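The next block is target.pdb, given as PDB, N, CA and C atoms.
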ATOM      1  N   MET A 875      65.006 -65.511-144.746
ATOM      2  CA  MET A 875      63.818 -66.056-144.137
ATOM      3  C   MET A 875      63.438 -65.261-142.900
ATOM      4  N   ALA A 876      64.198 -64.258-142.609
ATOM      5  CA  ALA A 876      63.926 -63.443-141.425
ATOM      6  C   ALA A 876      62.512 -62.904-141.477
ATOM      7  N   GLY A 877      61.771 -63.133-140.416
ATOM      8  CA  GLY A 877      60.429 -62.604-140.309
ATOM      9  C   GLY A 877      59.346 -63.524-140.823
ATOM     10  N   ILE A 878      59.672 -64.436-141.736
ATOM     11  CA  ILE A 878      58.646 -65.324-142.293
ATOM     12  C   ILE A 878      58.057 -66.213-141.209
ATOM     13  N   GLU A 879      58.916 -66.801-140.402
ATOM     14  CA  GLU A 879      58.389 -67.733-139.407
ATOM     15  C   GLU A 879      57.561 -67.029-138.340
ATOM     16  N   ASP A 880      57.673 -65.712-138.246
ATOM     17  CA  ASP A 880      56.836 -64.961-137.309
ATOM     18  C   ASP A 880      55.356 -65.050-137.681
ATOM     19  N   HIS A 881      55.073 -65.410-138.907
ATOM     20  CA  HIS A 881      53.689 -65.532-139.369
ATOM     21  C   HIS A 881      53.119 -66.923-139.104
ATOM     22  N   PHE A 882      53.931 -67.795-138.525
ATOM     23  CA  PHE A 882      53.534 -69.179-138.276
ATOM     24  C   PHE A 882      53.476 -69.470-136.784
ATOM     25  N   ASP A 883      52.660 -70.447-136.423
ATOM     26  CA  ASP A 883      52.628 -70.929-135.042
ATOM     27  C   ASP A 883      54.011 -71.442-134.669
ATOM     28  N   LYS A 884      54.341 -71.362-133.390
ATOM     29  CA  LYS A 884      55.679 -71.738-132.925
ATOM     30  C   LYS A 884      56.073 -73.164-133.291
ATOM     31  N   ALA A 885      55.110 -74.045-133.420
ATOM     32  CA  ALA A 885      55.403 -75.441-133.772
ATOM     33  C   ALA A 885      56.069 -75.553-135.146
ATOM     34  N   HIS A 886      55.963 -74.511-135.947
ATOM     35  CA  HIS A 886      56.521 -74.544-137.297
ATOM     36  C   HIS A 886      57.794 -73.719-137.430
ATOM     37  N   HIS A 887      58.237 -73.111-136.350
ATOM     38  CA  HIS A 887      59.484 -72.341-136.385
ATOM     39  C   HIS A 887      60.657 -73.281-136.618
ATOM     40  N   GLY A 888      61.615 -72.802-137.378
ATOM     41  CA  GLY A 888      62.811 -73.592-137.661
ATOM     42  C   GLY A 888      62.690 -74.453-138.902
ATOM     43  N   LYS A 889      61.529 -74.453-139.535
ATOM     44  CA  LYS A 889      61.344 -75.245-140.748
ATOM     45  C   LYS A 889      61.838 -74.455-141.957
ATOM     46  N   SER A 890      62.166 -75.179-143.002
ATOM     47  CA  SER A 890      62.613 -74.537-144.242
ATOM     48  C   SER A 890      61.419 -73.847-144.902
ATOM     49  N   VAL A 891      61.703 -72.945-145.822
ATOM     50  CA  VAL A 891      60.636 -72.260-146.555
ATOM     51  C   VAL A 891      59.789 -73.285-147.313
ATOM     52  N   ALA A 892      60.420 -74.294-147.886
ATOM     53  CA  ALA A 892      59.679 -75.339-148.603
ATOM     54  C   ALA A 892      58.729 -76.063-147.664
ATOM     55  N   ASP A 893      59.204 -76.375-146.463
ATOM     56  CA  ASP A 893      58.344 -77.044-145.483
ATOM     57  C   ASP A 893      57.209 -76.133-145.040
ATOM     58  N   LEU A 894      57.492 -74.851-144.855
ATOM     59  CA  LEU A 894      56.444 -73.906-144.479
ATOM     60  C   LEU A 894      55.392 -73.815-145.582
ATOM     61  N   ALA A 895      55.829 -73.783-146.827
ATOM     62  CA  ALA A 895      54.898 -73.703-147.952
ATOM     63  C   ALA A 895      53.988 -74.923-148.011
ATOM     64  N   ASN A 896      54.513 -76.057-147.623
ATOM     65  CA  ASN A 896      53.737 -77.299-147.653
ATOM     66  C   ASN A 896      52.965 -77.563-146.371
ATOM     67  N   SER A 897      53.059 -76.641-145.420
ATOM     68  CA  SER A 897      52.331 -76.777-144.158
ATOM     69  C   SER A 897      50.848 -76.508-144.386
ATOM     70  N   PRO A 898      50.010 -77.086-143.534
ATOM     71  CA  PRO A 898      48.580 -76.778-143.644
ATOM     72  C   PRO A 898      48.336 -75.307-143.329
ATOM     73  N   VAL A 899      47.271 -74.739-143.885
ATOM     74  CA  VAL A 899      47.010 -73.316-143.688
ATOM     75  C   VAL A 899      46.825 -72.958-142.226
ATOM     76  N   ASP A 900      46.389 -73.913-141.411
ATOM     77  CA  ASP A 900      46.215 -73.591-139.997
ATOM     78  C   ASP A 900      47.535 -73.485-139.238
ATOM     79  N   ALA A 901      48.650 -73.656-139.951
ATOM     80  CA  ALA A 901      49.970 -73.396-139.360
ATOM     81  C   ALA A 901      50.216 -71.891-139.256
ATOM     82  N   LEU A 902      49.474 -71.105-140.047
ATOM     83  CA  LEU A 902      49.598 -69.652-139.997
ATOM     84  C   LEU A 902      48.947 -69.114-138.729
ATOM     85  N   LYS A 903      49.604 -68.163-138.096
ATOM     86  CA  LYS A 903      49.045 -67.543-136.891
ATOM     87  C   LYS A 903      47.671 -66.969-137.211
ATOM     88  N   GLY A 904      46.706 -67.292-136.361
ATOM     89  CA  GLY A 904      45.371 -66.739-136.507
ATOM     90  C   GLY A 904      44.440 -67.539-137.404
ATOM     91  N   VAL A 905      44.956 -68.554-138.080
ATOM     92  CA  VAL A 905      44.108 -69.397-138.919
ATOM     93  C   VAL A 905      43.806 -70.676-138.136
ATOM     94  N   THR A 906      42.528 -70.930-137.915
ATOM     95  CA  THR A 906      42.130 -72.104-137.144
ATOM     96  C   THR A 906      41.969 -73.324-138.047
ATOM     97  N   GLU A 907      41.862 -74.465-137.417
ATOM     98  CA  GLU A 907      41.616 -75.692-138.174
ATOM     99  C   GLU A 907      40.285 -75.583-138.926
ATOM    100  N   ALA A 908      39.287 -74.984-138.286
ATOM    101  CA  ALA A 908      37.989 -74.778-138.942
ATOM    102  C   ALA A 908      38.127 -73.856-140.150
ATOM    103  N   ASP A 909      38.941 -72.802-140.022
ATOM    104  CA  ASP A 909      39.207 -71.918-141.161
ATOM    105  C   ASP A 909      39.805 -72.722-142.313
ATOM    106  N   GLY A 910      40.737 -73.586-141.979
ATOM    107  CA  GLY A 910      41.372 -74.429-142.986
ATOM    108  C   GLY A 910      40.368 -75.324-143.699
ATOM    109  N   GLU A 911      39.425 -75.865-142.943
ATOM    110  CA  GLU A 911      38.389 -76.703-143.540
ATOM    111  C   GLU A 911      37.500 -75.899-144.482
ATOM    112  N   HIS A 912      37.196 -74.660-144.097
ATOM    113  CA  HIS A 912      36.384 -73.784-144.952
ATOM    114  C   HIS A 912      37.132 -73.448-146.243
ATOM    115  N   LEU A 913      38.429 -73.153-146.130
ATOM    116  CA  LEU A 913      39.230 -72.857-147.321
ATOM    117  C   LEU A 913      39.308 -74.067-148.247
ATOM    118  N   LYS A 914      39.419 -75.243-147.652
ATOM    119  CA  LYS A 914      39.468 -76.468-148.443
ATOM    120  C   LYS A 914      38.144 -76.685-149.174
ATOM    121  N   ALA A 915      37.038 -76.516-148.459
ATOM    122  CA  ALA A 915      35.722 -76.734-149.066
ATOM    123  C   ALA A 915      35.415 -75.708-150.156
ATOM    124  N   ALA A 916      35.769 -74.460-149.916
ATOM    125  CA  ALA A 916      35.418 -73.388-150.847
ATOM    126  C   ALA A 916      36.363 -73.297-152.042
ATOM    127  N   PHE A 917      37.657 -73.495-151.801
ATOM    128  CA  PHE A 917      38.651 -73.224-152.845
ATOM    129  C   PHE A 917      39.627 -74.371-153.110
ATOM    130  N   GLY A 918      39.518 -75.458-152.377
ATOM    131  CA  GLY A 918      40.459 -76.563-152.549
ATOM    132  C   GLY A 918      41.832 -76.273-151.977
ATOM    133  N   ILE A 919      41.899 -75.298-151.070
ATOM    134  CA  ILE A 919      43.172 -74.880-150.473
ATOM    135  C   ILE A 919      43.469 -75.752-149.258
ATOM    136  N   THR A 920      44.637 -76.402-149.264
ATOM    137  CA  THR A 920      45.028 -77.219-148.120
ATOM    138  C   THR A 920      46.373 -76.809-147.527
ATOM    139  N   THR A 921      47.211 -76.136-148.324
ATOM    140  CA  THR A 921      48.545 -75.747-147.845
ATOM    141  C   THR A 921      48.735 -74.236-147.927
ATOM    142  N   VAL A 922      49.761 -73.766-147.260
ATOM    143  CA  VAL A 922      50.115 -72.344-147.320
ATOM    144  C   VAL A 922      50.423 -71.954-148.767
ATOM    145  N   LYS A 923      51.098 -72.820-149.499
ATOM    146  CA  LYS A 923      51.399 -72.535-150.901
ATOM    147  C   LYS A 923      50.119 -72.406-151.716
ATOM    148  N   ASP A 924      49.164 -73.304-151.481
ATOM    149  CA  ASP A 924      47.876 -73.208-152.177
ATOM    150  C   ASP A 924      47.232 -71.850-151.924
ATOM    151  N   LEU A 925      47.269 -71.411-150.686
ATOM    152  CA  LEU A 925      46.673 -70.123-150.322
ATOM    153  C   LEU A 925      47.383 -68.973-151.030
ATOM    154  N   GLY A 926      48.693 -69.021-151.036
ATOM    155  CA  GLY A 926      49.479 -67.944-151.628
ATOM    156  C   GLY A 926      49.441 -67.886-153.140
ATOM    157  N   THR A 927      48.996 -68.954-153.769
ATOM    158  CA  THR A 927      48.955 -68.986-155.225
ATOM    159  C   THR A 927      47.540 -69.098-155.778
ATOM    160  N   ASN A 928      46.551 -69.007-154.903
ATOM    161  CA  ASN A 928      45.160 -69.105-155.342
ATOM    162  C   ASN A 928      44.793 -67.911-156.215
ATOM    163  N   LYS A 929      44.245 -68.187-157.386
ATOM    164  CA  LYS A 929      43.978 -67.109-158.345
ATOM    165  C   LYS A 929      43.001 -66.071-157.798
ATOM    166  N   PHE A 930      42.032 -66.481-157.009
ATOM    167  CA  PHE A 930      41.067 -65.522-156.483
ATOM    168  C   PHE A 930      41.710 -64.572-155.475
ATOM    169  N   PHE A 931      42.577 -65.116-154.653
ATOM    170  CA  PHE A 931      43.279 -64.281-153.687
ATOM    171  C   PHE A 931      44.266 -63.350-154.387
ATOM    172  N   LEU A 932      44.908 -63.844-155.433
ATOM    173  CA  LEU A 932      45.837 -63.003-156.196
ATOM    174  C   LEU A 932      45.095 -61.882-156.913
ATOM    175  N   TRP A 933      43.922 -62.194-157.470
ATOM    176  CA  TRP A 933      43.122 -61.161-158.135
ATOM    177  C   TRP A 933      42.694 -60.096-157.139
ATOM    178  N   ALA A 934      42.226 -60.529-155.980
ATOM    179  CA  ALA A 934      41.787 -59.580-154.951
ATOM    180  C   ALA A 934      42.945 -58.713-154.481
ATOM    181  N   GLN A 935      44.128 -59.329-154.347
ATOM    182  CA  GLN A 935      45.312 -58.584-153.924
ATOM    183  C   GLN A 935      45.667 -57.518-154.953
ATOM    184  N   GLU A 936      45.566 -57.855-156.230
ATOM    185  CA  GLU A 936      45.879 -56.874-157.272
ATOM    186  C   GLU A 936      44.901 -55.708-157.244
ATOM    187  N   VAL A 937      43.618 -55.980-157.050
ATOM    188  CA  VAL A 937      42.620 -54.925-156.946
ATOM    189  C   VAL A 937      42.920 -54.026-155.750
ATOM    190  N   ALA A 938      43.256 -54.653-154.627
ATOM    191  CA  ALA A 938      43.558 -53.878-153.413
ATOM    192  C   ALA A 938      44.778 -52.978-153.628
ATOM    193  N   LYS A 939      45.802 -53.486-154.310
ATOM    194  CA  LYS A 939      47.000 -52.685-154.590
ATOM    195  C   LYS A 939      46.663 -51.480-155.459
ATOM    196  N   GLN A 940      45.871 -51.728-156.490
ATOM    197  CA  GLN A 940      45.532 -50.642-157.402
ATOM    198  C   GLN A 940      44.593 -49.622-156.764
ATOM    199  N   ALA A 941      43.793 -50.081-155.830
ATOM    200  CA  ALA A 941      42.851 -49.169-155.150
ATOM    201  C   ALA A 941      43.582 -48.268-154.155
ATOM    202  N   GLY A 942      44.791 -48.716-153.765
ATOM    203  CA  GLY A 942      45.605 -47.911-152.862
ATOM    204  C   GLY A 942      45.154 -48.045-151.484
TER     205      GLY A 942
END

File written out as structure tokens:
Amino acid sequence: MAGIEDHFDKAHHGKSVADLANSPVDALKGVTEADGEHLKAAFGITTVKDLGTNKFFLWAQEVAKQAG
């Protein structure tokens, strides 16, 4: 888990990976509560796990990888 919690606000440090995955997206550093509301409205994303498994984000990530 080394380094994972560095991507989260300090209030979420020390939590298990499962707890981090179930945290709201605004637990991620740089993501605001308003950002979270926009993600929820646009894509139904409410948790970090939802964000990480969203098909649109995964598709975009694959395109970015292949584009180099």

Pull out every residue that the PyMOL selection byres (((chain A and resi 904 and name CA) around 9) and name CA) matches in the shown coordinates and put them as a compact mmCIF listing (two decimals) with N, CA and C atoms, in the coordinates of the input.
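The resulting result-v1.txt:
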# COMPACT_ATOMS: atom_id res chain seq x y z
N HIS A 881 55.07 -65.41 -138.91
CA HIS A 881 53.69 -65.53 -139.37
C HIS A 881 53.12 -66.92 -139.10
N PHE A 882 53.93 -67.80 -138.52
CA PHE A 882 53.53 -69.18 -138.28
C PHE A 882 53.48 -69.47 -136.78
N ASP A 883 52.66 -70.45 -136.42
CA ASP A 883 52.63 -70.93 -135.04
C ASP A 883 54.01 -71.44 -134.67
N ASP A 900 46.39 -73.91 -141.41
CA ASP A 900 46.22 -73.59 -140.00
C ASP A 900 47.54 -73.48 -139.24
N ALA A 901 48.65 -73.66 -139.95
CA ALA A 901 49.97 -73.40 -139.36
C ALA A 901 50.22 -71.89 -139.26
N LEU A 902 49.47 -71.10 -140.05
CA LEU A 902 49.60 -69.65 -140.00
C LEU A 902 48.95 -69.11 -138.73
N LYS A 903 49.60 -68.16 -138.10
CA LYS A 903 49.04 -67.54 -136.89
C LYS A 903 47.67 -66.97 -137.21
N VAL A 905 44.96 -68.55 -138.08
CA VAL A 905 44.11 -69.40 -138.92
C VAL A 905 43.81 -70.68 -138.14
N THR A 906 42.53 -70.93 -137.92
CA THR A 906 42.13 -72.10 -137.14
C THR A 906 41.97 -73.32 -138.05

For this file, the PyMOL selection byres ((chain A and resi 917-933) around 6) selects which residues, as a list of chain:residue names?
-> A:Leu894, A:Ala895, A:Asn896, A:Ser897, A:Pro898, A:Val899, A:His912, A:Leu913, A:Lys914, A:Ala915, A:Ala916, A:Ala934, A:Gln935, A:Glu936, A:Val937

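Separating atom C of Ala908 in chain A from atom N of Glu879 in chain A is a distance of 22.0 Å.
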